[in-house]
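Everything below belongs to target.txt, which stores compact mmCIF, C-alpha atoms and all ligand atoms.
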```
# COMPACT_ATOMS: atom_id res chain seq x y z
CA MET A 20 -43.98 28.90 -25.32
CA ARG A 21 -45.23 26.74 -22.57
CA SER A 22 -43.43 23.72 -23.83
CA LEU A 23 -40.22 25.75 -24.12
CA LEU A 24 -40.60 26.85 -20.54
CA VAL A 25 -41.27 23.33 -19.45
CA SER A 26 -38.27 21.99 -21.26
CA CYS A 27 -36.09 24.77 -19.83
CA LEU A 28 -37.32 23.94 -16.40
CA PHE A 29 -36.72 20.30 -17.05
CA ALA A 30 -33.20 20.98 -18.25
CA SER A 31 -32.29 22.99 -15.18
CA LEU A 32 -33.85 20.36 -12.96
CA ALA A 33 -31.85 17.68 -14.71
CA LEU A 34 -28.71 19.75 -14.21
CA SER A 35 -29.31 20.28 -10.54
CA THR A 36 -29.85 16.58 -9.97
CA VAL A 37 -26.68 15.56 -11.77
CA VAL A 38 -24.76 13.19 -9.54
CA PRO A 39 -21.72 14.94 -8.11
CA ARG A 40 -18.65 14.11 -10.15
CA ALA A 41 -16.89 12.41 -7.28
CA ARG A 42 -19.64 9.82 -7.00
CA GLN A 43 -19.16 8.62 -10.56
CA LYS A 44 -16.39 6.23 -11.31
CA VAL A 45 -13.55 7.87 -13.20
CA ASP A 46 -13.45 6.52 -16.75
CA TYR A 47 -9.84 6.24 -17.88
CA SER A 48 -10.65 5.29 -21.49
CA GLY A 49 -8.14 6.96 -23.76
CA PHE A 50 -6.00 8.28 -20.89
CA LYS A 51 -2.29 7.77 -21.45
CA VAL A 52 0.65 7.12 -19.17
CA LEU A 53 3.50 9.45 -20.12
CA ARG A 54 7.03 8.94 -18.83
CA VAL A 55 8.57 12.39 -18.67
CA SER A 56 12.10 13.36 -17.73
CA LEU A 57 12.48 16.23 -15.31
CA PRO A 58 15.06 19.02 -15.45
CA GLU A 59 17.60 19.58 -12.62
CA GLN A 60 15.39 22.27 -11.14
CA ARG A 61 12.37 20.02 -11.00
CA GLY A 62 10.17 21.93 -8.56
CA ASP A 63 8.33 24.26 -10.91
CA VAL A 64 7.86 21.86 -13.78
CA GLU A 65 6.82 19.09 -11.45
CA ALA A 66 4.14 21.27 -9.89
CA LYS A 67 2.76 22.17 -13.32
CA ILE A 68 2.72 18.54 -14.38
CA GLU A 69 0.95 17.54 -11.17
CA GLU A 70 -1.71 20.12 -11.93
CA LEU A 71 -2.32 18.78 -15.44
CA ALA A 72 -2.10 15.08 -14.64
CA ALA A 73 -4.94 12.93 -13.34
CA HIS A 74 -2.39 11.01 -11.24
CA VAL A 75 1.33 10.71 -10.71
CA LEU A 76 2.13 7.01 -10.47
CA ASN A 77 5.61 7.30 -8.95
CA PRO A 78 5.66 10.56 -6.97
CA GLY A 79 9.18 11.31 -5.76
CA LYS A 80 11.00 9.26 -8.38
CA VAL A 81 14.18 11.12 -9.26
CA GLU A 82 14.88 10.67 -12.98
CA HIS A 83 11.42 10.56 -14.41
CA LEU A 84 7.76 10.77 -13.58
CA ASP A 85 5.07 8.41 -14.87
CA VAL A 86 1.88 10.42 -15.14
CA VAL A 87 -1.67 9.54 -16.16
CA VAL A 88 -2.96 12.22 -18.50
CA SER A 89 -6.31 12.73 -20.23
CA PRO A 90 -6.07 12.83 -24.05
CA ASP A 91 -6.69 16.59 -24.23
CA LYS A 92 -3.81 17.39 -21.87
CA VAL A 93 -1.12 15.22 -23.43
CA ASP A 94 0.27 18.05 -25.56
CA ALA A 95 0.36 20.51 -22.67
CA VAL A 96 2.38 18.06 -20.56
CA LYS A 97 4.75 17.30 -23.44
CA LYS A 98 5.45 21.01 -23.89
CA LEU A 99 6.72 21.26 -20.31
CA VAL A 100 9.46 18.67 -20.61
CA ALA A 101 12.45 17.93 -22.81
CA THR A 102 11.62 14.28 -23.41
CA SER A 103 8.54 12.19 -22.95
CA LYS A 104 7.37 8.82 -24.06
CA VAL A 105 3.98 7.16 -23.99
CA ILE A 106 4.29 3.99 -21.92
CA ASN A 107 0.61 3.13 -21.90
CA GLU A 108 -1.69 4.13 -24.76
CA ASP A 109 -4.97 3.45 -23.00
CA VAL A 110 -5.24 3.23 -19.22
CA GLY A 111 -8.91 2.27 -19.50
CA ALA A 112 -8.03 -0.81 -21.51
CA ALA A 113 -5.30 -1.75 -19.01
CA LEU A 114 -7.77 -1.50 -16.13
CA ALA A 115 -10.13 -3.86 -17.93
CA GLU A 116 -7.38 -6.50 -17.94
CA GLU A 117 -7.08 -6.41 -14.17
CA GLY A 118 -10.26 -8.43 -13.72
CA GLU A 119 -13.52 -7.61 -11.99
CA ILE A 120 -13.82 -7.23 -8.25
CA LYS A 121 -15.17 -10.64 -7.46
CA LYS A 122 -18.13 -11.02 -5.15
CA ALA A 123 -16.82 -13.64 -2.79
CA GLU A 124 -18.90 -16.65 -1.86
CA PHE A 125 -18.12 -17.64 1.68
CA SER A 126 -19.23 -21.01 2.93
CA VAL A 127 -20.83 -20.69 6.32
CA ALA A 128 -18.30 -20.88 9.15
CA ALA A 129 -15.47 -22.23 7.02
CA VAL A 130 -11.86 -21.18 6.71
CA PRO A 131 -11.48 -19.45 3.31
CA SER A 132 -9.83 -21.57 0.64
CA GLU A 133 -6.81 -20.68 -1.45
CA SER A 134 -9.12 -19.68 -4.31
CA TRP A 135 -9.54 -16.37 -2.43
CA PHE A 136 -6.17 -15.46 -3.92
CA THR A 137 -7.34 -15.66 -7.54
CA ALA A 138 -9.37 -12.44 -7.70
CA TYR A 139 -9.57 -8.94 -6.20
CA HIS A 140 -12.28 -8.34 -3.64
CA ALA A 141 -14.54 -5.70 -2.14
CA TYR A 142 -13.63 -4.16 1.23
CA ALA A 143 -16.48 -5.82 3.14
CA ASP A 144 -15.38 -9.21 1.81
CA HIS A 145 -11.83 -8.58 3.02
CA ILE A 146 -13.21 -8.13 6.52
CA THR A 147 -15.28 -11.32 6.19
CA PHE A 148 -12.17 -13.16 5.02
CA LEU A 149 -10.29 -12.14 8.18
CA ARG A 150 -13.19 -13.03 10.46
CA ASP A 151 -13.73 -16.44 8.84
CA LEU A 152 -10.02 -17.19 8.99
CA GLN A 153 -9.85 -16.20 12.65
CA ALA A 154 -12.95 -18.23 13.49
CA GLY A 155 -11.16 -21.37 12.33
CA TYR A 156 -8.28 -20.82 14.79
CA THR A 157 -9.78 -19.28 17.88
CA GLY A 158 -7.16 -20.85 20.15
CA GLN A 159 -4.27 -19.05 18.52
CA SER A 160 -5.62 -15.89 16.96
CA GLU A 161 -7.84 -12.89 17.59
CA ILE A 162 -9.20 -10.01 15.53
CA ILE A 163 -7.49 -6.75 16.44
CA THR A 164 -8.37 -3.17 15.67
CA THR A 165 -5.94 -0.26 15.53
CA GLY A 166 -8.04 2.85 15.31
CA THR A 167 -10.57 4.42 13.00
CA SER A 168 -10.36 6.07 9.59
CA VAL A 169 -11.57 9.54 8.64
CA GLN A 170 -14.91 8.09 7.52
CA GLY A 171 -15.27 5.91 10.58
CA ARG A 172 -14.07 2.54 9.31
CA THR A 173 -12.21 0.40 11.81
CA LEU A 174 -8.65 -0.55 10.94
CA THR A 175 -8.92 -4.31 11.30
CA GLY A 176 -6.28 -7.01 11.51
CA ILE A 177 -5.45 -10.36 13.02
CA HIS A 178 -3.06 -11.31 15.82
CA ILE A 179 -1.56 -14.80 15.63
CA TRP A 180 0.44 -16.63 18.28
CA GLY A 181 1.87 -20.09 18.86
CA SER A 182 2.59 -22.60 21.61
CA GLY A 183 3.93 -19.98 24.04
CA GLY A 184 0.46 -18.50 24.30
CA LYS A 185 -0.94 -15.10 23.47
CA GLY A 186 1.39 -12.17 24.03
CA SER A 187 4.45 -14.18 25.05
CA LYS A 188 6.91 -13.52 22.19
CA PRO A 189 8.58 -10.63 20.37
CA ALA A 190 6.23 -8.89 17.95
CA VAL A 191 6.19 -8.97 14.16
CA LEU A 192 4.00 -6.41 12.39
CA PHE A 193 2.79 -6.39 8.77
CA HIS A 194 0.88 -3.51 7.17
CA GLY A 195 -0.78 -3.48 3.74
CA THR A 196 -2.59 -1.06 1.45
CA VAL A 197 -1.59 2.24 3.05
CA HIS A 198 -1.73 3.42 -0.55
CA ALA A 199 -5.24 2.69 -1.72
CA ARG A 200 -4.46 1.73 -5.31
CA GLU A 201 -1.90 -0.94 -4.37
CA TRP A 202 -4.42 -3.78 -4.32
CA ILE A 203 -1.87 -6.59 -4.59
CA SER A 204 -0.61 -5.64 -1.12
CA SER A 205 -3.96 -6.48 0.56
CA MET A 206 -3.92 -9.92 -1.04
CA THR A 207 -0.28 -10.52 -0.11
CA VAL A 208 -0.64 -9.54 3.53
CA GLU A 209 -3.74 -11.74 3.82
CA TYR A 210 -1.79 -14.64 2.35
CA MET A 211 0.77 -14.33 5.16
CA ALA A 212 -1.98 -14.73 7.77
CA TRP A 213 -3.66 -17.53 5.82
CA GLN A 214 -0.43 -19.53 5.45
CA LEU A 215 0.65 -19.07 9.06
CA LEU A 216 -2.67 -20.40 10.37
CA THR A 217 -3.61 -23.04 7.81
CA LYS A 218 -0.11 -24.58 7.64
CA TYR A 219 0.67 -24.42 11.37
CA SER A 220 -0.32 -27.99 12.16
CA SER A 221 1.05 -29.61 8.99
CA ASN A 222 4.32 -27.81 8.32
CA ALA A 223 7.15 -27.81 10.87
CA THR A 224 8.79 -24.71 9.39
CA VAL A 225 5.61 -22.70 9.71
CA LYS A 226 4.95 -24.00 13.21
CA ALA A 227 8.43 -22.97 14.35
CA LEU A 228 7.90 -19.45 13.00
CA VAL A 229 4.51 -18.99 14.61
CA ASP A 230 5.84 -20.36 17.91
CA LYS A 231 8.66 -17.80 17.82
CA PHE A 232 6.59 -14.61 17.50
CA ASP A 233 3.36 -12.79 18.15
CA LEU A 234 2.35 -11.72 14.64
CA TYR A 235 0.12 -8.70 14.02
CA ILE A 236 -1.18 -8.52 10.47
CA ILE A 237 -3.26 -5.63 9.12
CA PRO A 238 -4.01 -6.04 5.40
CA ILE A 239 -5.75 -2.69 4.76
CA VAL A 240 -4.59 0.26 6.87
CA ASN A 241 -6.22 2.86 4.58
CA PRO A 242 -9.80 1.53 4.29
CA ASP A 243 -11.41 4.80 3.09
CA GLY A 244 -8.90 5.18 0.29
CA PHE A 245 -9.26 1.52 -0.62
CA VAL A 246 -13.05 1.78 -0.87
CA TYR A 247 -12.70 4.97 -2.90
CA SER A 248 -10.31 3.20 -5.27
CA GLN A 249 -13.00 0.59 -5.85
CA THR A 250 -16.04 2.83 -6.15
CA SER A 251 -14.71 6.05 -7.66
CA ASP A 252 -11.12 6.25 -8.79
CA ARG A 253 -9.04 3.13 -9.32
CA LEU A 254 -5.82 5.15 -9.12
CA TRP A 255 -6.52 6.86 -5.78
CA ARG A 256 -3.56 6.74 -3.36
CA LYS A 257 -4.19 8.81 -0.20
CA ASN A 258 -6.77 8.73 2.58
CA ARG A 259 -10.00 10.80 2.29
CA GLN A 260 -9.23 13.60 4.73
CA THR A 261 -9.98 17.20 3.80
CA VAL A 262 -8.15 20.44 4.52
CA SER A 263 -10.30 23.46 5.27
CA GLY A 264 -10.25 26.02 2.49
CA ASN A 265 -8.93 23.58 -0.09
CA SER A 266 -10.91 21.37 -2.44
CA CYS A 267 -8.22 18.71 -2.78
CA VAL A 268 -8.71 15.58 -0.70
CA GLY A 269 -6.35 13.21 1.04
CA ARG A 270 -3.23 12.92 3.09
CA ASP A 271 -0.51 10.44 2.24
CA ILE A 272 -0.58 8.38 5.45
CA ASN A 273 2.90 7.15 4.61
CA ARG A 274 4.26 10.71 4.71
CA ASN A 275 2.41 11.54 7.92
CA TRP A 276 4.31 9.54 10.60
CA PRO A 277 5.69 11.81 13.32
CA TYR A 278 9.38 11.19 12.80
CA LYS A 279 11.42 13.62 10.67
CA TRP A 280 8.05 14.71 9.25
CA GLU A 281 9.26 18.30 9.11
CA VAL A 282 12.35 17.58 6.99
CA PRO A 283 11.85 19.11 3.51
CA GLY A 284 12.16 17.20 0.24
CA GLY A 285 10.54 13.83 0.92
CA ALA A 286 6.86 14.77 0.76
CA SER A 287 4.61 17.58 -0.43
CA THR A 288 3.04 20.47 1.45
CA ASN A 289 0.46 20.89 -1.34
CA PRO A 290 -2.90 19.26 -0.45
CA CYS A 291 -3.41 18.41 -4.13
CA SER A 292 -0.22 16.38 -4.36
CA GLU A 293 -0.10 12.57 -4.23
CA THR A 294 2.41 12.85 -1.37
CA TYR A 295 0.69 15.51 0.73
CA LYS A 296 2.17 15.14 4.21
CA GLY A 297 -0.69 16.77 6.15
CA GLN A 298 -0.85 19.97 8.19
CA ALA A 299 0.96 18.57 11.20
CA ALA A 300 2.96 15.46 12.01
CA GLY A 301 0.64 12.51 12.57
CA ASP A 302 -2.57 14.44 11.92
CA SER A 303 -4.41 11.65 10.10
CA PRO A 304 -6.62 9.44 12.27
CA GLU A 305 -5.32 6.33 10.52
CA ASN A 306 -1.77 7.27 11.46
CA LYS A 307 -2.75 7.94 15.06
CA GLY A 308 -4.11 4.42 15.43
CA LEU A 309 -1.21 2.73 13.69
CA ARG A 310 1.31 4.71 15.69
CA ALA A 311 -0.34 3.91 19.02
CA HIS A 312 -0.17 0.24 18.08
CA VAL A 313 3.54 0.41 17.16
CA ASP A 314 4.28 2.28 20.40
CA SER A 315 2.39 -0.26 22.48
CA LEU A 316 4.22 -3.19 20.88
CA ARG A 317 7.51 -1.41 21.57
CA ASP A 318 6.56 -0.86 25.19
CA SER A 319 5.34 -4.41 25.79
CA ARG A 320 7.32 -7.18 24.13
CA GLY A 321 9.31 -5.20 21.58
CA LEU A 322 9.22 -5.27 17.78
CA SER A 323 11.51 -7.66 15.93
CA LEU A 324 10.34 -7.12 12.38
CA TYR A 325 8.09 -4.64 10.61
CA ILE A 326 7.15 -4.93 6.94
CA ASP A 327 5.07 -2.38 5.04
CA PHE A 328 3.79 -3.96 1.81
CA HIS A 329 3.38 -1.69 -1.21
CA SER A 330 3.45 -1.96 -4.98
CA TYR A 331 4.98 -1.62 -7.49
CA GLY A 332 8.65 -1.81 -8.51
CA GLN A 333 10.07 -4.99 -6.87
CA TYR A 334 12.15 -3.36 -4.18
CA MET A 335 13.06 -4.30 -0.62
CA LEU A 336 13.96 -1.11 1.22
CA TRP A 337 15.08 -0.29 4.74
CA PRO A 338 15.79 2.93 6.67
CA TYR A 339 16.35 5.66 6.12
CA GLY A 340 13.98 7.44 3.77
CA TYR A 341 14.53 10.95 5.03
CA ASP A 342 18.29 11.20 4.54
CA CYS A 343 20.28 9.58 1.75
CA ASN A 344 23.59 9.86 3.61
CA LEU A 345 22.50 8.31 6.86
CA VAL A 346 23.23 4.62 7.44
CA VAL A 347 21.14 2.68 9.94
CA HIS A 348 23.25 1.11 12.71
CA ASN A 349 22.39 -2.44 11.56
CA ASP A 350 22.54 -1.72 7.83
CA ALA A 351 24.65 -4.81 7.17
CA GLN A 352 22.13 -7.07 8.91
CA HIS A 353 19.24 -5.44 7.05
CA ARG A 354 21.10 -6.09 3.82
CA SER A 355 21.85 -9.70 4.61
CA LEU A 356 18.22 -10.53 5.50
CA ALA A 357 17.02 -8.79 2.34
CA THR A 358 19.61 -10.57 0.20
CA ARG A 359 18.39 -13.95 1.38
CA ALA A 360 14.73 -13.01 1.12
CA ALA A 361 15.20 -11.74 -2.43
CA ALA A 362 16.98 -14.99 -3.32
CA ALA A 363 14.10 -17.00 -1.85
CA ILE A 364 11.63 -15.07 -4.00
CA ARG A 365 13.77 -15.48 -7.10
CA ALA A 366 13.98 -19.23 -6.47
CA VAL A 367 10.18 -19.53 -6.66
CA SER A 368 9.53 -17.68 -9.88
CA GLY A 369 12.56 -15.78 -11.12
CA THR A 370 11.15 -12.45 -9.92
CA ARG A 371 14.02 -10.08 -9.20
CA TYR A 372 14.07 -7.54 -6.41
CA THR A 373 16.36 -4.54 -5.99
CA ILE A 374 17.43 -4.05 -2.37
CA GLY A 375 18.92 -1.17 -0.40
CA PRO A 376 18.36 1.75 1.96
CA ALA A 377 15.18 3.57 0.90
CA CYS A 378 16.43 7.06 0.15
CA SER A 379 19.54 6.15 -1.82
CA THR A 380 17.91 3.20 -3.60
CA LEU A 381 14.53 4.66 -4.59
CA TYR A 382 13.86 8.21 -3.44
CA ALA A 383 13.62 10.46 -0.40
CA THR A 384 10.56 10.03 1.81
CA THR A 385 9.82 11.85 5.04
CA GLY A 386 7.29 10.84 7.67
CA ASP A 387 7.30 7.26 6.36
CA SER A 388 6.46 4.14 8.34
CA THR A 389 9.83 2.38 8.35
CA ASP A 390 11.79 5.40 9.59
CA TYR A 391 9.28 5.57 12.45
CA THR A 392 9.31 1.86 13.32
CA ASP A 393 13.11 1.93 13.28
CA ALA A 394 13.82 5.13 15.16
CA VAL A 395 10.79 5.42 17.43
CA GLY A 396 9.31 1.91 17.37
CA ASN A 397 12.75 0.43 18.10
CA SER A 398 12.04 -2.42 15.67
CA THR A 399 15.13 -4.54 15.08
CA TYR A 400 14.26 -4.73 11.37
CA SER A 401 12.05 -2.47 9.25
CA TYR A 402 11.34 -3.04 5.57
CA THR A 403 9.21 -1.74 2.77
CA TYR A 404 8.40 -4.29 0.09
CA GLU A 405 7.40 -2.92 -3.30
CA LEU A 406 5.70 -5.93 -4.88
CA ARG A 407 5.23 -6.82 -8.57
CA ASP A 408 5.60 -5.59 -11.20
CA THR A 409 8.17 -3.14 -12.59
CA GLY A 410 5.64 -1.03 -14.48
CA SER A 411 4.04 -3.01 -17.31
CA TYR A 412 0.79 -3.21 -15.36
CA GLY A 413 1.81 -1.18 -12.33
CA PHE A 414 -0.94 -0.90 -9.75
CA THR A 415 -3.43 -2.84 -11.82
CA LEU A 416 -1.68 -6.17 -11.76
CA PRO A 417 -3.92 -8.72 -13.54
CA ALA A 418 -5.77 -11.15 -11.28
CA ASN A 419 -3.86 -14.10 -12.75
CA GLN A 420 -0.69 -12.69 -11.16
CA ILE A 421 -2.11 -12.61 -7.62
CA GLN A 422 -1.28 -16.20 -6.78
CA PRO A 423 2.25 -16.15 -8.23
CA THR A 424 2.92 -12.90 -6.38
CA VAL A 425 1.62 -13.96 -2.97
CA ARG A 426 3.38 -17.34 -3.19
CA GLU A 427 6.79 -15.92 -4.05
CA THR A 428 6.46 -13.15 -1.46
CA TRP A 429 5.55 -15.68 1.22
CA GLU A 430 8.90 -17.44 0.70
CA GLY A 431 10.67 -14.09 1.07
CA VAL A 432 8.84 -13.41 4.31
CA VAL A 433 9.52 -16.94 5.62
CA SER A 434 13.20 -16.35 4.96
CA MET A 435 13.12 -13.11 6.95
CA LEU A 436 11.17 -14.65 9.84
CA LYS A 437 13.74 -17.45 10.06
CA ASP A 438 16.60 -14.94 10.07
CA VAL A 439 15.27 -12.52 12.67
C1 LIG B 1 6.80 -25.90 4.71
O1 LIG B 1 6.70 -24.55 4.38
C2 LIG B 1 7.88 -23.99 3.85
C3 LIG B 1 7.63 -22.50 3.68
O2 LIG B 1 6.63 -22.30 2.74
C4 LIG B 1 8.22 -24.67 2.55
O3 LIG B 1 9.40 -24.14 2.01
C5 LIG B 1 8.36 -26.15 2.80
O4 LIG B 1 8.55 -26.80 1.57
C6 LIG B 1 7.13 -26.72 3.48
N1 LIG B 1 7.36 -28.10 3.85
C7 LIG B 1 6.57 -29.07 3.46
C8 LIG B 1 6.94 -30.44 3.97
O5 LIG B 1 5.60 -28.89 2.76
C1 LIG B 2 15.02 -1.49 21.94
O1 LIG B 2 15.15 -2.87 21.63
C2 LIG B 2 16.20 -3.55 22.26
C3 LIG B 2 16.17 -5.00 21.83
O2 LIG B 2 16.13 -5.12 20.46
C4 LIG B 2 16.05 -3.46 23.77
O3 LIG B 2 17.15 -4.05 24.40
C5 LIG B 2 15.90 -2.00 24.21
O4 LIG B 2 15.61 -1.94 25.58
C6 LIG B 2 14.79 -1.32 23.44
N1 LIG B 2 14.73 0.10 23.76
C7 LIG B 2 13.58 0.74 23.97
C8 LIG B 2 13.71 2.21 24.27
O5 LIG B 2 12.48 0.20 23.93
ZN ZN B 3 2.82 2.64 -1.78
```
Rewrite the structure of this file - the entire thing - as structure tokens.
Amino acid sequence: MRSLLVSCLFASLALSTVVPRARQKVDYSGFKVLRVSLPEQRGDVEAKIEELAAHVLNPGKVEHLDVVVSPDKVDAVKKLVATSKVINEDVGAALAEEGEIKKAEFSVAAVPSESWFTAYHAYADHITFLRDLQAGYTGQSEIITTGTSVQGRTLTGIHIWGSGGKGSKPAVLFHGTVHAREWISSMTVEYMAWQLLTKYSSNATVKALVDKFDLYIIPIVNPDGFVYSQTSDRLWRKNRQTVSGNSCVGRDINRNWPYKWEVPGGASTNPCSETYKGQAAGDSPENKGLRAHVDSLRDSRGLSLYIDFHSYGQYMLWPYGYDCNLVVHNDAQHRSLATRAAAAIRAVSGTRYTIGPACSTLYATTGDSTDYTDAVGNSTYSYTYELRDTGSYGFTLPANQIQPTVRETWEGVVSMLKDV
């Protein structure tokens, strides 16, 4: 009797000390990616699928959705749609191919070497990378911060200038990793900063570009989401903000910008959705900081070029996201810069990009960064890059593709910087 009591007690104790689910890393072993086609009236079916799925990989995509589903829910999802096909049999196995997060070894007070771009890294190491890079070029760079995340992390970047001196030229702004799971974008944006500084004194092309602009480069604008994608759920997209009375977490910071935020159709009002727009325009702290920075660049020296780096799909997109019939006043110039940049990328490695206005080329998005930088930030050019690949690996691009991706993308960006 006593031992039964003891073991009961023990069992309930064990239960009550179980680590909360959110703290454990999601194990995707056996999870599948289903590509499902949606009916004309997608709303209802889409909502049901979102409820069943662990994640929607391409929220907003018009013809089909790619959804990550646990083995026991595959049949329920299939029943909701006319056609479906398994495009990944085991998400857990695919994640294993991505490579471990590498603990970086930094030599004391040295500029990081190119080997940084051969593995994925922890958030703290990304910050060290930026600081070490900046420390090597104190005469022409500074660490900048653009606000604070929900959990109190500082949005950290680097400002680079050339022979004209700090703050003397039109601004260029690069953002990365607004969507937490898009790890290749952190690496790519860092490569831009690394190339601009390390090649400045040896390469005339690079020197001319740095001398022409003040460049502001922020590799991880959603630090909380990024950390969460490393510690808890590799496929996390949003920030980590809560809504009172709802257990779902996260706003999509790239549906939260206060321009055409209220237009229906390009984001979700459901806090559980991957594209939850928030309760009010610009109500995420990350967005507040980023927006204040864009506004201040507009009001000081003006923005020439903004690029928001995402993955995946291999697209170069420009405004507008919120209306598929609207044509930006310099659409032809946007197209010609993108055409040349895409050709420069293709010349490196054969990687092909699809280019066009965001809404008509990919899908409708409201409250997105490039509509804001165009219409409110008055940036001459605003682009979204969707980096490699086109879906074979998706967000979990293997580490051996980091270097090829950052190198080809650099040539695309160089082409744009020359053209602006
Ligand atoms: C300088 O950099 C540009 C851009 O990456 C590159 O195309 C060019 O080949 C480089 N020039 C030299 C001499 O390395
Ligand atoms: C917008 O940018 C153009 C230059 O590209 C400049 O002439 C104009 O004054 C700017 N407008 C505002 C409101 O900042
Ligand atoms: Zn994205």
Which residues, written as a ChimeraX atom specification, have at least one atom at most 10 Å from A:Asn241, with all atoms listed in the file counted and residues fewer than 2 positions away on the same chain left out? /A:167-169,172-174,194-199,238-239,243-246,256-259,271-272,305-306
Output the neighbourhood of ligand ZN 3 (chain B) as a PyMOL selection string, that is, all protein and nucleic acid residues with some atom at most 12 Å from the ligand, counting only C-alpha atoms and all ligand atoms. chain A and resi 76-79+194-205+240-241+254-257+271-274+293-294+327-334+384+387-388+403-407+413-414
Taking only C-alpha atoms and all ligand atoms into account, list the residues no farther than 8 Å from ligand LIG 1 (chain B), as an mmCIF file with C-alpha atoms, in the coordinates of the input.
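Output (result31.cif):
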```cif
data_model
loop_
_atom_site.group_PDB
_atom_site.id
_atom_site.type_symbol
_atom_site.label_atom_id
_atom_site.label_comp_id
_atom_site.auth_asym_id
_atom_site.auth_seq_id
_atom_site.Cartn_x
_atom_site.Cartn_y
_atom_site.Cartn_z
ATOM 1 C CA LYS A 218 -0.110 -24.580 7.640
ATOM 2 C CA SER A 221 1.050 -29.610 8.990
ATOM 3 C CA ASN A 222 4.320 -27.810 8.320
ATOM 4 C CA ALA A 223 7.150 -27.810 10.870
ATOM 5 C CA THR A 224 8.790 -24.710 9.390
ATOM 6 C CA VAL A 225 5.610 -22.700 9.710
ATOM 7 C CA TRP A 429 5.550 -15.680 1.220
ATOM 8 C CA GLU A 430 8.900 -17.440 0.700
ATOM 9 C CA VAL A 433 9.520 -16.940 5.620
#
```
Let me have all residues with an atom within 10 Å of ligand LIG 2 (chain B), counting only C-alpha atoms and all ligand atoms, laid out as number ranges by chain. A: 189, 314, 316-323, 393-400
Contact residues around A:Ala361 with only C-alpha atoms at 10 Å, ignoring same-chain residues under 3 positions, as a list in words: Gln333, Tyr334, Met335, Ser355, Leu356, Ala357, Thr358, Ile364, Arg365, Ala366, Gly369, Thr370, Arg371, Tyr372, Thr373, Ile374, Glu427, Thr428, Glu430, Gly431, Val432, Ser434 and Met435 of chain A
Polymer residues at most 10 Å from (-2.5, -21.8, 11.7) by all atoms listed in the file, as a PyMOL selection string: chain A and resi 152-153+155-160+179-181+212-222+225-226+229
How far is it from atom CA of A:Lys279 to atom CA of A:Tyr391, in Å with one decimal?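 A separation of 8.5 Å between them.
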Between atom CA of A:Arg253 and atom CA of A:Met211 lies a distance of 24.7 Å
Which residue, A:Cys267, A:Met206, A:Ala112, A:Val93, has the smallest gap to A:Ser134 when you use only C-alpha atoms?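 With only C-alpha atoms as the atom set, the closest residue is A:Met206.
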Nearest to A:Thr147 among A:Glu69, A:Glu124, A:Asp63, A:Glu281, with distances taken over only C-alpha atoms: which residue is it?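 The answer is A:Glu124, which sits nearest to A:Thr147.
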Separation of atom CA of A:Gly49 from atom CA of A:Leu99 in Å: 20.9 Å
Selected residue of minimal separation from A:Phe232 among A:Ala129, A:Ile68, A:Leu324, A:Ala143, counting only C-alpha atoms: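 Using only C-alpha atoms, the shortest distance to A:Phe232 belongs to A:Leu324.
Take the candidates A:Leu416, A:Ala299, A:Leu381, A:Leu84 and check each one against A:Leu336 using all atoms listed in the file; the shortest distance goes to A:Leu381.
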Counting only C-alpha atoms, the option among A:Arg426, A:His353, A:Asp302, A:Thr392 closest to A:Ser315: A:Thr392
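The nearest approach to A:Ala418 among the residues A:Glu209, A:Glu70, A:Asp350, A:Glu119, with all atoms listed in the file taken into account, belongs to A:Glu119.
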